[in-house]
Amino acid sequence: MKNLMVFVIIVAALALPRRAAHGADTYKLDPAHTSVCFYFRHLGICSIPGRFNEIAGAVVLDGNSLKEITATIQVRSVDTGIAQRDNHLRTADFFDEAKYPVITLTTKRMEKEGEQLVAFGDLTMHGVTKELRLPVTLHGPFMDPWGNVRIGLEAKAKLNRRDFGINYNQVLEGGIQAVGEEVEISLNAEATRAAGEKTPSAK
């Protein structure tokens with residue numbers, strides 16, 4: 001009996017570092033409840049919205065602390081509601097989908113700025129990688145009605161498309177650009193813990 005107790009104690013001690021090393025949980029993005037939207041100025045007078053319909057990725061949490069976000073976006077899925085405009089965005093004037101079919105984001109670190117959590121990551125688009133600053137709001141984790149552990153994530157950022165080599169520059173009378181250079185990005189995502197395996201369908 002004594003030998004058995006010693007054996008149990010040794011096994012438990014050996015298990016502690018392993019549990020600490022693997023304490024983080026990975027949540028898979030739920031495509032039915034995840035969107036990446038963008039907004040750009042048209043003729044200097046109006047913001048035109050768009051989105052990408054195909055996105056995959058994961059969020060890593062250590063307890064309730066956000067550690068990492070990864071995402072892969074399919075350029076072919078760009079959608080502004082106007083087919084002619086979407087086809088133009090896929091050409092070499094803009095995203096050049098034939099050469100650069102995906103956009104990727106991988107965070108490198110998280111920082112607190114006052115009460116705001118900020119993610120810093122590498123955004124690769126149009127063959128160019130730049131660091132992106134993303135103020136992030138995390139919701140959860142909590143148990144959803146389907147028995148999965150779920151989180152919500154909101155983030156916004158601004159970038160200049162020229163920094164990524166997207167240099168389309170039709171200038172109209174008066175020096176107004178047909179398409180603005182600054183682009184606003186909005187990420188709204190839900191993710192379920194990978195261990196749950198089952199992701200509920202859209203409701």
# chains A, B, ... in the order shown; residues from 1 in each chain; ligands from 1
$ select_by_dssp --residues "stretch 29-81 of chain A" --states "strand (DSSP E or B)" --output "MDAnalysis selection string"
chainID A and resid 29 35:42 46:52 55:62 65:74 78:79
$ closest_atom_pairs --of "stretch 94-183 of chain A" --to "stretch 32-39 of chain A" --cutoff "10 Å" --atoms "only C-alpha atoms" --output "tab-separated table"
residue	atom	partner	partner_atom	distance
A:Gly152	CA	A:Thr34	CA	9.3
A:Leu153	CA	A:Thr34	CA	9.1
A:Glu154	CA	A:Thr34	CA	9.9
A:Ala155	CA	A:Val36	CA	9.7
A:Lys156	CA	A:Cys37	CA	9.6
A:Ala157	CA	A:Phe38	CA	9.6
A:Lys158	CA	A:Phe38	CA	9.3
A:Gly180	CA	A:Tyr39	CA	9.6
A:Glu182	CA	A:Tyr39	CA	8.7
A:Val183	CA	A:Tyr39	CA	5.7
$ closest_residue --among "A:Lys108, A:Arg150, A:Arg85, A:Lys28" --to "A:Val60" --atoms "only C-alpha atoms"
A:Lys28
$ residues_around --residues "A:Thr70" --least-positions-apart "4" --cutoff "6 Å" --atoms "only C-alpha atoms" --output "JSON, numbers by chain"
{"A": [57, 58, 105, 106]}
$ write_last_selection --atoms "C-alpha atoms" --output "PDB file, in the first residue's frame"
ATOM      1  CA  GLY A  57      -8.510  30.529 -37.781  1.00  0.00           C
ATOM      2  CA  ALA A  58      -8.155  30.103 -34.058  1.00  0.00           C
ATOM      3  CA  LEU A 105      -2.985  37.539 -39.512  1.00  0.00           C
ATOM      4  CA  THR A 106      -0.835  36.127 -36.710  1.00  0.00           C
TER       5      THR A 106
END
$ residues_around --residues "A:Arg41" --least-positions-apart "4" --cutoff "10 Å" --atoms "only C-alpha atoms" --output "VMD selection string"
chain A and resid 45 to 49 177 to 184
$ write_last_selection --atoms "N, CA and C atoms" --output "CSV table (one decimal), in the first residue's frame"
chain,number,residue,atom,x,y,z
A,45,ILE,N,-16.6,61.2,-50.3
A,45,ILE,CA,-17.8,61.7,-49.7
A,45,ILE,C,-18.6,60.6,-49.0
A,46,CYS,N,-18.2,59.3,-49.2
A,46,CYS,CA,-19.0,58.2,-48.6
A,46,CYS,C,-18.1,57.0,-48.3
A,47,SER,N,-18.4,56.3,-47.2
A,47,SER,CA,-17.7,55.1,-46.9
A,47,SER,C,-18.5,53.9,-47.5
A,48,ILE,N,-17.8,53.1,-48.3
A,48,ILE,CA,-18.3,51.9,-48.9
A,48,ILE,C,-18.0,50.7,-48.0
A,49,PRO,N,-18.9,49.9,-47.6
A,49,PRO,CA,-18.6,48.7,-46.8
A,49,PRO,C,-18.3,47.5,-47.7
A,177,GLN,N,-9.5,61.5,-54.9
A,177,GLN,CA,-9.2,60.1,-55.2
A,177,GLN,C,-10.6,59.4,-55.3
A,178,ALA,N,-10.7,58.6,-56.4
A,178,ALA,CA,-11.9,57.8,-56.5
A,178,ALA,C,-12.0,56.8,-55.4
A,179,VAL,N,-10.9,56.2,-55.0
A,179,VAL,CA,-10.9,55.2,-53.9
A,179,VAL,C,-9.9,55.7,-52.8
A,180,GLY,N,-10.3,55.9,-51.6
A,180,GLY,CA,-9.5,56.4,-50.5
A,180,GLY,C,-8.3,55.4,-50.2
A,181,GLU,N,-7.3,55.9,-49.6
A,181,GLU,CA,-6.1,55.1,-49.2
A,181,GLU,C,-6.3,54.4,-47.8
A,182,GLU,N,-7.0,55.2,-46.9
A,182,GLU,CA,-7.2,54.6,-45.6
A,182,GLU,C,-8.3,53.6,-45.6
A,183,VAL,N,-8.1,52.5,-44.9
A,183,VAL,CA,-9.2,51.5,-44.8
A,183,VAL,C,-9.4,51.1,-43.4
A,184,GLU,N,-10.7,51.1,-43.0
A,184,GLU,CA,-11.0,50.7,-41.6
A,184,GLU,C,-11.4,49.2,-41.7
